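Notes to accompany the following structure.
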Amino acid sequence: MKLDEGIRKHGFRKWYERELMHSHAHLLLLLACAIGLMTSFAVFSNAAPLMQRALDAAAIALFAAVGFWSLKRYFFLLLHAEHVANQAVCSACKTYGRFSLVAGRATQDESLLVRCRTCQHEWAIVD
Ligand SMILES: [Zn+2]
């Protein structure tokens with residue numbers, strides 16, 4: 001979910017929580033792919049018929065590809081959430097994560113203009 005859409009719909013803290021859960025779901029997928037990859041290597045045998053070896057090789061390639069993709073998604077979602085979270089502190093009153101969206105994608109650098117709910121200070125969060 002996009003940052004401005006997520007903050008508008010759920011608020012920052014829920015958006016952040018959802019991004020972390022989403023990224024860790026990809027980590028679980030990576031773990032499942034690692035188990036599948038090890039199992040595929042364990043059952044692979046050169047003595048097996050050609051069709052069986054082809055299926056085993058396809059399973060190895062599939063688990064490796066999905067595992068690599070899930071690792072990339074895990075890091076992307078986690079680092080993006082942390083990048084935004086590091087900007088979620090109001091510089092005026094030091095309140096963390098309590099802000100509302102003033103304008104999404106309104107500035108030239110594609111940042112979001114937000115307003116602190118405690119002191120009404122405004123700042124930009126770069127997505
Ligand atoms: Zn504030």
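All residue names refer to the structure tokens as shown: chains lettered A, B, ... in order, residues numbered from 1 in each chain, ligands numbered from 1 in order.
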- Item | Near-region 78-91 of chain A list (9 Å; only C-alpha atoms; drop same-chain fewer than 3 positions) as a list in words | Leu3, Phe12, Trp15, Tyr16, Glu17, Glu19, Leu20, His22, Ser23, His24, Arg73, Tyr74, Phe75, Lys94, Thr95, Tyr96, Gly97, Arg98, Phe99, Arg115, Cys116, Cys119, His121, Glu122, Trp123, Ala124, Ile125, Val126 and Asp127 of chain A
- Which polymer residues have any atom within 12 Å of an atom of Ile35 (chain A), counting only C-alpha atoms, with same-chain residues fewer than 3 positions away left out, as a PyMOL selection string? chain A and resi 28-32+38-42+59-60+63-64+67
- Could you please determine the separation between CA of Leu62 (chain A) and CA of Leu27 (chain A) in Å, to one decimal place?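 Atom-to-atom, CA of Leu62 (chain A) to CA of Leu27 (chain A), that is 16.6 Å.
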- Pick the closest to ligand 1 from A:Val114, A:Cys93, A:Ala57, A:Leu101: which is it, counting only C-alpha atoms and all ligand atoms? A:Cys93
- Those in region 13-124 of chain A with strand (DSSP E) from DSSP, as a list of chain:residue names: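 Reading the DSSP output for region 13-124 of chain A, strand (DSSP E) covers A:Phe99, A:Ser100, A:Leu101, A:Val102, A:Ala103, A:Ser111, A:Leu112, A:Leu113, A:Val114, A:Arg115, A:Cys116, A:Glu122, A:Trp123, A:Ala124.
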- Counting only C-alpha atoms and all ligand atoms, which of A:Val102, A:Ala92, A:Ala61, A:Leu71 gets nearest to ligand 1? A:Ala92
- Between CA of Ala25 (chain A) and CA of Leu112 (chain A) - distance in Å to one decimal: 27.0 Å
